[in-house]
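Next comes input_17.pdb, with PDB, C-alpha atoms.
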```
ATOM      1  CA  MET A 133      97.284 128.227  80.997
ATOM      2  CA  PRO A 134     100.577 127.152  82.632
ATOM      3  CA  GLN A 135     100.527 123.870  84.563
ATOM      4  CA  THR A 136     100.373 124.161  88.342
ATOM      5  CA  ASP A 137     103.066 122.095  90.033
ATOM      6  CA  PRO A 138     102.079 120.096  93.142
ATOM      7  CA  ILE A 139     103.109 121.737  96.426
ATOM      8  CA  PRO A 140     103.839 119.161  99.146
ATOM      9  CA  THR A 141     101.938 119.492 102.414
ATOM     10  CA  THR A 142     103.120 118.261 105.800
ATOM     11  CA  LEU A 143     100.718 116.311 107.988
ATOM     12  CA  ILE A 144     101.661 116.664 111.665
ATOM     13  CA  ALA A 145     100.491 114.121 114.218
ATOM     14  CA  ASP A 146     100.336 115.556 117.724
ATOM     15  CA  GLY A 147      97.899 116.429 120.500
ATOM     16  CA  TRP A 148      96.971 112.802 121.242
ATOM     17  CA  PRO A 149      97.016 112.157 125.019
ATOM     18  CA  ASP A 150      97.499 108.391 124.685
ATOM     19  CA  TYR A 151     100.462 108.736 122.331
ATOM     20  CA  ARG A 152     103.373 111.119 122.859
ATOM     21  CA  LEU A 153     106.704 111.328 121.083
ATOM     22  CA  LEU A 154     108.659 112.433 124.133
ATOM     23  CA  ASP A 155     112.084 112.803 122.549
ATOM     24  CA  SER A 156     114.247 111.579 119.673
ATOM     25  CA  GLY A 157     117.860 111.481 118.624
ATOM     26  CA  HIS A 158     120.880 109.291 117.923
ATOM     27  CA  GLY A 159     118.729 107.102 115.692
ATOM     28  CA  ARG A 160     116.035 106.419 118.311
ATOM     29  CA  ARG A 161     112.713 107.747 119.508
ATOM     30  CA  LEU A 162     111.279 107.754 123.034
ATOM     31  CA  GLU A 163     107.513 107.241 123.063
ATOM     32  CA  GLN A 164     104.719 107.024 125.623
ATOM     33  CA  LEU A 165     101.768 104.837 124.608
ATOM     34  CA  GLY A 166      99.161 104.859 127.325
ATOM     35  CA  ARG A 167     100.928 103.482 130.395
ATOM     36  CA  VAL A 168     103.871 102.033 128.451
ATOM     37  CA  ARG A 169     107.085 103.886 127.575
ATOM     38  CA  VAL A 170     109.227 102.458 124.766
ATOM     39  CA  ILE A 171     112.377 103.148 122.766
ATOM     40  CA  ARG A 172     112.343 102.272 119.074
ATOM     41  CA  PRO A 173     114.825 102.776 116.214
ATOM     42  CA  GLU A 174     114.322 105.958 114.172
ATOM     43  CA  PRO A 175     116.866 106.485 111.351
ATOM     44  CA  GLN A 176     115.466 109.969 110.632
ATOM     45  CA  ALA A 177     116.514 111.188 114.104
ATOM     46  CA  MET A 178     120.122 111.987 113.257
ATOM     47  CA  TRP A 179     120.246 114.823 115.794
ATOM     48  CA  SER A 180     120.941 114.657 119.526
ATOM     49  CA  PRO A 181     118.247 114.002 122.149
ATOM     50  CA  LYS A 182     116.940 116.937 124.184
ATOM     51  CA  LEU A 183     115.958 115.027 127.314
ATOM     52  CA  PRO A 184     118.562 113.720 129.777
ATOM     53  CA  GLU A 185     119.507 110.047 129.634
ATOM     54  CA  ALA A 186     117.667 109.525 132.930
ATOM     55  CA  GLU A 187     114.365 110.049 131.096
ATOM     56  CA  TRP A 188     115.316 107.476 128.474
ATOM     57  CA  ASP A 189     116.273 105.061 131.235
ATOM     58  CA  LYS A 190     112.648 105.098 132.415
ATOM     59  CA  ALA A 191     111.561 103.232 129.278
ATOM     60  CA  ASP A 192     109.713  99.985 130.003
ATOM     61  CA  ALA A 193     110.898  98.327 126.790
ATOM     62  CA  SER A 194     113.329  98.939 123.952
ATOM     63  CA  PHE A 195     113.585  97.357 120.534
ATOM     64  CA  GLY A 196     116.842  96.186 118.993
ATOM     65  CA  PRO A 197     116.889  95.174 115.321
ATOM     66  CA  ASN A 198     118.428  91.924 114.179
ATOM     67  CA  GLU A 199     120.928  92.781 111.445
ATOM     68  CA  LYS A 200     120.817  89.252 110.015
ATOM     69  CA  SER A 201     117.043  89.100 109.812
ATOM     70  CA  GLU A 202     114.258  90.671 107.787
ATOM     71  CA  GLU A 203     114.022  94.475 107.792
ATOM     72  CA  ASP A 204     112.459  95.844 110.996
ATOM     73  CA  ALA A 205     112.703  92.424 112.670
ATOM     74  CA  GLY A 206     114.467  92.097 116.002
ATOM     75  CA  ASN A 207     113.821  91.684 119.705
ATOM     76  CA  TRP A 208     112.191  93.586 122.549
ATOM     77  CA  ARG A 209     114.058  93.975 125.825
ATOM     78  CA  PHE A 210     111.943  94.653 128.923
ATOM     79  CA  ARG A 211     112.798  96.395 132.191
ATOM     80  CA  ARG A 212     109.661  95.081 133.900
ATOM     81  CA  ASP A 213     106.984  92.477 133.306
ATOM     82  CA  LEU A 214     104.512  93.721 130.729
ATOM     83  CA  PRO A 215     101.543  92.093 128.992
ATOM     84  CA  GLU A 216     101.767  91.458 125.270
ATOM     85  CA  THR A 217      98.884  93.890 124.688
ATOM     86  CA  TRP A 218      97.431  96.922 126.435
ATOM     87  CA  PRO A 219      94.500  99.240 125.613
ATOM     88  CA  VAL A 220      95.045 102.583 123.877
ATOM     89  CA  SER A 221      92.375 105.201 123.154
ATOM     90  CA  TYR A 222      92.137 107.669 120.310
ATOM     91  CA  ARG A 223      89.231 110.091 120.624
ATOM     92  CA  ASP A 224      87.282 107.444 122.596
ATOM     93  CA  LEU A 225      88.040 104.688 120.063
ATOM     94  CA  ARG A 226      89.750 101.861 121.951
ATOM     95  CA  PHE A 227      92.207  99.408 120.377
ATOM     96  CA  TYR A 228      95.287  97.470 121.404
ATOM     97  CA  GLY A 229      98.912  98.418 121.491
ATOM     98  CA  ARG A 230     101.026  95.281 121.292
ATOM     99  CA  PHE A 231     104.638  94.157 121.200
ATOM    100  CA  THR A 232     105.244  92.556 117.806
ATOM    101  CA  PRO A 233     108.336  90.698 116.510
ATOM    102  CA  PHE A 234     109.041  93.857 114.551
ATOM    103  CA  ARG A 235     109.534  97.379 115.846
ATOM    104  CA  HIS A 236     105.865  98.170 115.270
ATOM    105  CA  LEU A 237     103.336  98.352 118.101
ATOM    106  CA  GLY A 238     100.125  97.175 116.451
ATOM    107  CA  PHE A 239      99.272 100.575 114.961
ATOM    108  CA  PHE A 240     101.049 103.544 113.402
ATOM    109  CA  PRO A 241     100.506 106.666 115.544
ATOM    110  CA  GLU A 242     101.378 109.072 112.733
ATOM    111  CA  GLN A 243      98.318 107.778 110.878
ATOM    112  CA  MET A 244      96.028 109.734 113.200
ATOM    113  CA  THR A 245      96.017 112.473 110.567
ATOM    114  CA  GLN A 246      94.708 109.983 108.003
ATOM    115  CA  TRP A 247      92.174 108.514 110.445
ATOM    116  CA  ASP A 248      90.668 111.959 111.022
ATOM    117  CA  TRP A 249      90.615 112.790 107.325
ATOM    118  CA  VAL A 250      88.833 109.581 106.323
ATOM    119  CA  GLU A 251      86.354 109.907 109.187
ATOM    120  CA  ASN A 252      85.530 113.447 108.057
ATOM    121  CA  CYS A 253      85.030 112.365 104.424
ATOM    122  CA  VAL A 254      82.702 109.537 105.450
ATOM    123  CA  SER A 255      80.744 111.691 107.915
ATOM    124  CA  LYS A 256      80.168 114.364 105.278
ATOM    125  CA  ALA A 257      78.890 111.797 102.769
ATOM    126  CA  GLY A 258      76.046 110.794 105.081
ATOM    127  CA  ASN A 259      74.836 107.874 102.963
ATOM    128  CA  ALA A 260      76.755 104.782 104.152
ATOM    129  CA  PRO A 261      79.516 104.936 101.536
ATOM    130  CA  ARG A 262      81.390 101.763 100.669
ATOM    131  CA  VAL A 263      85.063 101.953 101.684
ATOM    132  CA  LEU A 264      87.778  99.498 100.653
ATOM    133  CA  ASN A 265      90.850  99.308 102.900
ATOM    134  CA  LEU A 266      93.717  97.429 101.218
ATOM    135  CA  PHE A 267      96.731  96.315 103.294
ATOM    136  CA  GLY A 268      94.482  97.112 106.254
ATOM    137  CA  TYR A 269      96.773  95.737 109.003
ATOM    138  CA  THR A 270      95.072  95.892 112.444
ATOM    139  CA  GLY A 271      92.155  97.963 111.260
ATOM    140  CA  VAL A 272      92.122 101.245 113.181
ATOM    141  CA  ILE A 273      91.198 103.277 110.096
ATOM    142  CA  SER A 274      88.574 100.644 109.181
ATOM    143  CA  LEU A 275      86.999 101.082 112.611
ATOM    144  CA  MET A 276      87.089 104.876 112.285
ATOM    145  CA  ALA A 277      85.392 104.712 108.882
ATOM    146  CA  ALA A 278      82.751 102.224 110.068
ATOM    147  CA  ARG A 279      82.001 104.262 113.170
ATOM    148  CA  ALA A 280      81.477 107.306 110.939
ATOM    149  CA  GLY A 281      78.903 105.409 108.872
ATOM    150  CA  ALA A 282      80.783 103.549 106.137
ATOM    151  CA  LYS A 283      80.358  99.954 104.982
ATOM    152  CA  VAL A 284      83.949  98.743 105.098
ATOM    153  CA  THR A 285      85.777  95.949 103.299
ATOM    154  CA  HIS A 286      89.106  95.365 105.031
ATOM    155  CA  VAL A 287      91.719  93.286 103.169
ATOM    156  CA  ASP A 288      95.041  92.019 104.486
ATOM    157  CA  ALA A 289      97.308  89.128 103.525
ATOM    158  CA  SER A 290      98.220  88.298 107.137
ATOM    159  CA  LYS A 291      95.939  86.017 109.139
ATOM    160  CA  LYS A 292      97.503  87.359 112.322
ATOM    161  CA  ALA A 293      96.738  90.979 111.315
ATOM    162  CA  ILE A 294      93.106  90.065 110.637
ATOM    163  CA  THR A 295      92.903  88.402 114.051
ATOM    164  CA  TYR A 296      94.316  91.530 115.697
ATOM    165  CA  ALA A 297      91.853  93.697 113.758
ATOM    166  CA  ARG A 298      88.923  91.630 115.024
ATOM    167  CA  GLU A 299      90.244  91.962 118.581
ATOM    168  CA  ASN A 300      90.367  95.730 118.095
ATOM    169  CA  GLN A 301      86.797  95.679 116.793
ATOM    170  CA  GLU A 302      85.658  93.898 119.943
ATOM    171  CA  LEU A 303      87.563  96.236 122.267
ATOM    172  CA  ALA A 304      86.095  99.240 120.437
ATOM    173  CA  GLY A 305      82.568  97.954 120.990
ATOM    174  CA  LEU A 306      81.939  97.847 117.240
ATOM    175  CA  ILE A 307      81.111  94.155 116.792
ATOM    176  CA  GLN A 308      77.923  95.062 114.926
ATOM    177  CA  ALA A 309      79.677  97.551 112.638
ATOM    178  CA  PRO A 310      79.398  96.695 108.922
ATOM    179  CA  ILE A 311      82.979  95.510 108.302
ATOM    180  CA  ARG A 312      83.992  92.569 106.114
ATOM    181  CA  TRP A 313      87.361  91.136 107.160
ATOM    182  CA  ILE A 314      89.028  89.539 104.120
ATOM    183  CA  LEU A 315      92.207  87.431 104.227
ATOM    184  CA  ASP A 316      93.579  87.771 100.703
ATOM    185  CA  ASP A 317      96.254  89.139  98.432
ATOM    186  CA  ALA A 318      95.330  92.753  97.611
ATOM    187  CA  ARG A 319      95.963  92.463  93.874
ATOM    188  CA  LYS A 320      93.999  89.222  93.505
ATOM    189  CA  PHE A 321      91.100  90.554  95.559
ATOM    190  CA  ILE A 322      90.708  93.789  93.647
ATOM    191  CA  ALA A 323      90.981  92.001  90.283
ATOM    192  CA  ARG A 324      88.075  89.766  91.315
ATOM    193  CA  GLU A 325      86.103  92.790  92.518
ATOM    194  CA  ALA A 326      86.607  94.438  89.123
ATOM    195  CA  ARG A 327      85.355  91.321  87.326
ATOM    196  CA  ARG A 328      82.326  91.193  89.652
ATOM    197  CA  GLY A 329      81.503  94.832  88.966
ATOM    198  CA  SER A 330      81.892  95.870  92.626
ATOM    199  CA  HIS A 331      82.358  99.559  93.351
ATOM    200  CA  TYR A 332      83.532 101.662  96.295
ATOM    201  CA  GLU A 333      83.174 105.349  97.083
ATOM    202  CA  GLY A 334      86.424 105.405  99.071
ATOM    203  CA  ILE A 335      89.675 103.448  98.724
ATOM    204  CA  ILE A 336      92.499 103.349 101.278
ATOM    205  CA  LEU A 337      95.914 101.942 100.365
ATOM    206  CA  ASP A 338      98.832 101.534 102.768
ATOM    207  CA  PRO A 339     101.151  99.125 100.937
ATOM    208  CA  PRO A 340     104.463  97.846 102.306
ATOM    209  CA  LYS A 341     107.698  98.101 100.368
ATOM    210  CA  PHE A 342     107.763  94.305 100.112
ATOM    211  CA  GLY A 343     105.324  91.657 101.227
ATOM    212  CA  ARG A 344     103.901  88.186 100.682
ATOM    213  CA  GLY A 345     100.299  87.142 100.203
ATOM    214  CA  PRO A 346      98.643  84.241 102.042
ATOM    215  CA  LYS A 347      99.649  81.857  99.229
ATOM    216  CA  GLY A 348     103.157  83.217  98.785
ATOM    217  CA  GLU A 349     102.257  85.989  96.328
ATOM    218  CA  ILE A 350     105.041  88.567  96.058
ATOM    219  CA  TRP A 351     104.403  92.306  96.478
ATOM    220  CA  LYS A 352     107.009  94.858  95.352
ATOM    221  CA  VAL A 353     105.831  98.436  95.658
ATOM    222  CA  PHE A 354     107.791  99.862  92.707
ATOM    223  CA  GLU A 355     106.656  97.057  90.412
ATOM    224  CA  HIS A 356     103.093  96.461  91.536
ATOM    225  CA  LEU A 357     101.684  99.759  92.851
ATOM    226  CA  PRO A 358     100.917 101.254  89.396
ATOM    227  CA  LEU A 359      99.112  98.050  88.392
ATOM    228  CA  LEU A 360      97.126  98.033  91.615
ATOM    229  CA  LEU A 361      96.064 101.651  91.171
ATOM    230  CA  SER A 362      94.784 100.909  87.684
ATOM    231  CA  GLU A 363      92.593  98.179  89.208
ATOM    232  CA  CYS A 364      91.448 100.652  91.874
ATOM    233  CA  LYS A 365      90.174 102.923  89.128
ATOM    234  CA  ALA A 366      88.054 100.053  87.821
ATOM    235  CA  VAL A 367      86.298  99.594  91.178
ATOM    236  CA  LEU A 368      85.929 103.280  92.033
ATOM    237  CA  SER A 369      82.323 104.454  92.115
ATOM    238  CA  ASP A 370      81.033 106.961  89.573
ATOM    239  CA  LYS A 371      80.330 109.139  92.628
ATOM    240  CA  PRO A 372      83.666 108.774  94.415
ATOM    241  CA  LEU A 373      84.654 110.363  97.702
ATOM    242  CA  PHE A 374      88.387 109.729  97.979
ATOM    243  CA  VAL A 375      91.451 107.627  97.293
ATOM    244  CA  ILE A 376      94.132 107.805  99.970
ATOM    245  CA  LEU A 377      97.633 106.386  99.560
ATOM    246  CA  THR A 378     100.376 106.067 102.174
ATOM    247  CA  ALA A 379     103.898 104.842 101.400
ATOM    248  CA  TYR A 380     106.819 104.028 103.669
ATOM    249  CA  ALA A 381     109.325 103.247 100.882
ATOM    250  CA  ALA A 382     112.268 105.620 101.348
ATOM    251  CA  ARG A 383     113.097 105.969  97.638
ATOM    252  CA  LEU A 384     109.618 107.185  96.735
ATOM    253  CA  SER A 385     108.676 110.870  96.751
ATOM    254  CA  PRO A 386     105.401 112.760  97.205
ATOM    255  CA  PHE A 387     105.580 113.715  93.543
ATOM    256  CA  SER A 388     105.695 110.034  92.544
ATOM    257  CA  LEU A 389     102.494 109.374  94.474
ATOM    258  CA  HIS A 390     100.860 112.511  93.033
ATOM    259  CA  ALA A 391     101.692 111.450  89.474
ATOM    260  CA  LEU A 392     100.476 107.888  90.056
ATOM    261  CA  LEU A 393      97.089 109.006  91.368
ATOM    262  CA  GLU A 394      96.692 111.509  88.556
ATOM    263  CA  GLU A 395      97.519 108.892  85.916
ATOM    264  CA  HIS A 396      95.522 105.964  87.256
ATOM    265  CA  ILE A 397      92.649 107.567  89.182
ATOM    266  CA  GLY A 398      92.187 110.701  87.089
ATOM    267  CA  LYS A 399      91.962 114.442  87.381
ATOM    268  CA  GLY A 400      90.800 115.817  90.679
ATOM    269  CA  ARG A 401      92.233 117.523  93.729
ATOM    270  CA  ILE A 402      95.416 115.728  94.758
ATOM    271  CA  GLU A 403      97.269 116.600  97.936
ATOM    272  CA  CYS A 404     100.664 115.029  98.578
ATOM    273  CA  GLY A 405     103.505 115.369 101.059
ATOM    274  CA  GLU A 406     105.023 113.907 104.207
ATOM    275  CA  ILE A 407     103.486 112.475 107.360
ATOM    276  CA  THR A 408     105.291 113.485 110.539
ATOM    277  CA  LEU A 409     105.240 113.140 114.316
ATOM    278  CA  ARG A 410     105.864 116.219 116.445
ATOM    279  CA  GLU A 411     108.380 115.678 119.208
ATOM    280  CA  GLU A 412     107.542 117.200 122.596
ATOM    281  CA  SER A 413     111.056 117.909 123.872
ATOM    282  CA  GLY A 414     112.317 120.019 120.980
ATOM    283  CA  ASN A 415     109.266 120.555 118.772
ATOM    284  CA  ARG A 416     111.125 118.804 115.945
ATOM    285  CA  LEU A 417     109.224 116.928 113.241
ATOM    286  CA  VAL A 418     110.121 113.294 112.617
ATOM    287  CA  SER A 419     109.177 112.253 109.086
ATOM    288  CA  THR A 420     107.686 108.754 108.970
ATOM    289  CA  ALA A 421     105.922 108.290 105.620
ATOM    290  CA  LEU A 422     104.630 109.879 102.422
ATOM    291  CA  HIS A 423     101.003 110.442 101.507
ATOM    292  CA  ALA A 424      98.783 111.387  98.607
ATOM    293  CA  ARG A 425      95.041 112.025  98.848
ATOM    294  CA  TRP A 426      92.700 112.292  95.861
ATOM    295  CA  THR A 427      89.240 113.819  95.918
ATOM    296  CA  PRO A 428      87.016 114.595  92.908
TER     297      PRO A 428
END
```

Any chance you could put this one into structure tokens?
Amino acid sequence: MPQTDPIPTTLIADGWPDYRLLDSGHGRRLEQLGRVRVIRPEPQAMWSPKLPEAEWDKADASFGPNEKSEEDAGNWRFRRDLPETWPVSYRDLRFYGRFTPFRHLGFFPEQMTQWDWVENCVSKAGNAPRVLNLFGYTGVISLMAARAGAKVTHVDASKKAITYARENQELAGLIQAPIRWILDDARKFIAREARRGSHYEGIILDPPKFGRGPKGEIWKVFEHLPLLLSECKAVLSDKPLFVILTAYAARLSPFSLHALLEEHIGKGRIECGEITLREESGNRLVSTALHARWTP
């Protein structure tokens, strides 16, 4: 039988009242997050904006990168006094938007497609599956999984990210939810879990291109992701639900992620492709990341 080649699928994030991609173009995107309107860099938006400049001028804050600093680092410029954080809701789950020293806002709105998918997988399981979230950042997907019935282990190398995740847990009213918040290097943590014989029905990975662990450990996605996935296989339950992988590294491709999951996790149903945001003004899709999702 001839081999079936993977066909990339496009995940489209839209229809979220508290987040709207109003317009994009000239390397920027205009976004509405709850009551706050912002302008952020967007290299993918090489086209021209659809909305008049007057609409862009209504932005409360805009981010300008610092060319001499770390990638994505820079400064926010404000047109009016704004708090550092403000509440955002996604399908009645409340968490914080926040102005960070990078262009990020405390969560990644395009990930709503992944949040829904994981929530659905956990809800269908119906037996309190164990879910491991590596590089968990501020924890929105951890909260979604826990609310759906999972026992979640959330791992991140940033103490500040863990603090933000706990603040989101409190705002969401999920203080009693079964979530372990772990400050650790992802590779070291999962190696220990493998030695301990721990197992998880679901694994979520959202690794950066480059990062540092709490003790200065170096993470390079092209060097370390295959090794990490092999460790993930060792801690995957014999009755697995899913492995989900998101990547923001521009030189990767959906086919790379597909091949990695097939090699290290095993045969199963693997979906791969791009994650996008739908723009309101021109209905254009802004590509933000790549994804691959494995199910048995």

Exercise for the section: Compile the contact shell of region 322-326 of chain A as a list in words: residues with an atom at most 10 Å away, counting only C-alpha atoms, same-chain residues fewer than 3 positions apart removed. Expected result: Leu264, Leu266, Val287, Asp316, Asp317, Ala318, Arg319, Gly329, Ser330, His331, Tyr332, Leu360, Leu361, Glu363, Cys364, Lys365, Ala366, Val367 and Leu368 of chain A

Give me the residues of region 242-293 of chain A that have any atom at most 12 Å from an atom of region 149-154 of chain A; for each, the nearest atom pair and the distance in Å, rounded to one decimal. Use all atoms listed in the file, sort by chain and number, and format it as CSV.
```
residue,atom,partner,partner_atom,distance
A:Glu242,CA,A:Tyr151,CA,9.6
A:Gln243,CA,A:Tyr151,CA,11.7
A:Met244,CA,A:Tyr151,CA,10.2
```

Problem - Selection result for the PyMOL selection byres ((chain A and resi 290) around 8) on this file, as number ranges by chain - result: A: 269, 288-289, 291-294, 315-316, 345-346

Handout entry: Close residues, region 372-375 of chain A itself excluded, 12 Å, all atoms listed in the file, min 4 positions apart in chain, as a PyMOL selection string
Key = chain A and resi 246+249-266+282+331-338+361+364-368+389-390+392-394+396-398+400-404+423-428

Handout entry: One-decimal distance in Å that lies between CA of Lys182 (chain A) and CA of Gly157 (chain A)
Key =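 CA of Gly157 (chain A) sits 7.8 Å away from CA of Lys182 (chain A).
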
Exercise for the section: Find the residue from A:Arg416, A:His158, A:Arg312, A:Lys341 that sits nearest to Thr378 (chain A); use all atoms listed in the file when measuring. Expected result: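 The answer is A:Lys341, which sits nearest to Thr378 (chain A).
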
Problem - Explicit residue set for the PyMOL selection byres ((chain A and resi 142) around 8), as a VMD selection string - result: chain A and resid 140 to 141 143 to 144 405 to 408

Handout entry: Nearby residues (all atoms listed in the file) at most 8 Å from Arg160 (chain A), same-chain spacing under 2 positions excluded, as an MDAnalysis selection string
Key = chainID A and resid 156:158 162 171:175 177

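CA of Trp148 (chain A) lies 15.2 Å from CA of Leu417 (chain A).
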
Exercise for the section: Apply the PyMOL selection byres ((chain A and resi 310) around 7) to the file shown and report the selected residues as a list in words. Expected result: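 For this structure, the PyMOL selection byres ((chain A and resi 310) around 7) captures Ala278, Lys283, Val284, Gln308, Ala309, Ile311 and Arg312 of chain A.
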
Exercise for the section: Give the answer as one residue: which of A:Gly268, A:Pro386, A:Pro241, A:Gly229 has the shortest atom-to-atom distance to Pro138 (chain A), using all atoms listed in the file? Expected result: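 That would be A:Pro386, the residue with the smallest distance to Pro138 (chain A).
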
For region 220-244 of chain A, where the input has fewer atoms than it should, I would like N, CA and C atoms rebuilt and written as a short mmCIF file (atom, residue, chain, number, x, y, z; two decimals), in the frame of the given file.
```cif
data_model
loop_
_atom_site.label_atom_id
_atom_site.label_comp_id
_atom_site.auth_asym_id
_atom_site.auth_seq_id
_atom_site.Cartn_x
_atom_site.Cartn_y
_atom_site.Cartn_z
N VAL A 220 94.72 101.20 124.24
CA VAL A 220 95.04 102.58 123.88
C VAL A 220 93.75 103.22 123.37
N SER A 221 93.58 104.50 123.63
CA SER A 221 92.38 105.20 123.15
C SER A 221 92.76 106.36 122.25
N TYR A 222 92.01 106.49 121.16
CA TYR A 222 92.14 107.67 120.31
C TYR A 222 90.74 108.25 120.12
N ARG A 223 90.53 109.43 120.71
CA ARG A 223 89.23 110.09 120.62
C ARG A 223 88.11 109.10 120.94
N ASP A 224 88.21 108.42 122.02
CA ASP A 224 87.28 107.44 122.60
C ASP A 224 87.14 106.16 121.78
N LEU A 225 87.96 105.98 120.76
CA LEU A 225 88.04 104.69 120.06
C LEU A 225 89.15 103.87 120.72
N ARG A 226 88.78 102.69 121.24
CA ARG A 226 89.75 101.86 121.95
C ARG A 226 90.26 100.75 121.05
N PHE A 227 91.57 100.50 121.11
CA PHE A 227 92.21 99.41 120.38
C PHE A 227 93.47 99.02 121.14
N TYR A 228 94.15 98.00 120.66
CA TYR A 228 95.29 97.47 121.40
C TYR A 228 96.63 97.96 120.86
N GLY A 229 97.50 98.39 121.78
CA GLY A 229 98.91 98.42 121.49
C GLY A 229 99.46 97.03 121.79
N ARG A 230 100.50 96.62 121.07
CA ARG A 230 101.03 95.28 121.29
C ARG A 230 102.49 95.22 120.88
N PHE A 231 103.24 94.38 121.55
CA PHE A 231 104.64 94.16 121.20
C PHE A 231 104.69 93.09 120.11
N THR A 232 105.14 93.48 118.94
CA THR A 232 105.24 92.56 117.81
C THR A 232 106.70 92.14 117.61
N PRO A 233 106.95 91.10 116.78
CA PRO A 233 108.34 90.70 116.51
C PRO A 233 109.11 91.73 115.68
N PHE A 234 108.41 92.76 115.28
CA PHE A 234 109.04 93.86 114.55
C PHE A 234 109.03 95.08 115.47
N ARG A 235 109.49 96.21 114.98
CA ARG A 235 109.53 97.38 115.85
C ARG A 235 108.18 98.06 115.98
N HIS A 236 107.19 97.55 115.24
CA HIS A 236 105.86 98.17 115.27
C HIS A 236 105.11 97.77 116.53
N LEU A 237 104.08 98.55 116.86
CA LEU A 237 103.34 98.35 118.10
C LEU A 237 101.85 98.12 117.86
N GLY A 238 101.52 97.51 116.73
CA GLY A 238 100.12 97.18 116.45
C GLY A 238 99.33 98.28 115.80
N PHE A 239 99.89 99.45 115.67
CA PHE A 239 99.27 100.58 114.96
C PHE A 239 100.38 101.59 114.67
N PHE A 240 100.09 102.52 113.78
CA PHE A 240 101.05 103.54 113.40
C PHE A 240 100.53 104.89 113.88
N PRO A 241 101.08 105.46 114.95
CA PRO A 241 100.51 106.67 115.54
C PRO A 241 100.45 107.85 114.60
N GLU A 242 101.41 107.95 113.67
CA GLU A 242 101.38 109.07 112.73
C GLU A 242 100.14 109.05 111.84
N GLN A 243 99.49 107.89 111.74
CA GLN A 243 98.32 107.78 110.88
C GLN A 243 97.08 108.46 111.46
N MET A 244 97.18 109.03 112.64
CA MET A 244 96.03 109.73 113.20
C MET A 244 95.53 110.83 112.26
#
```
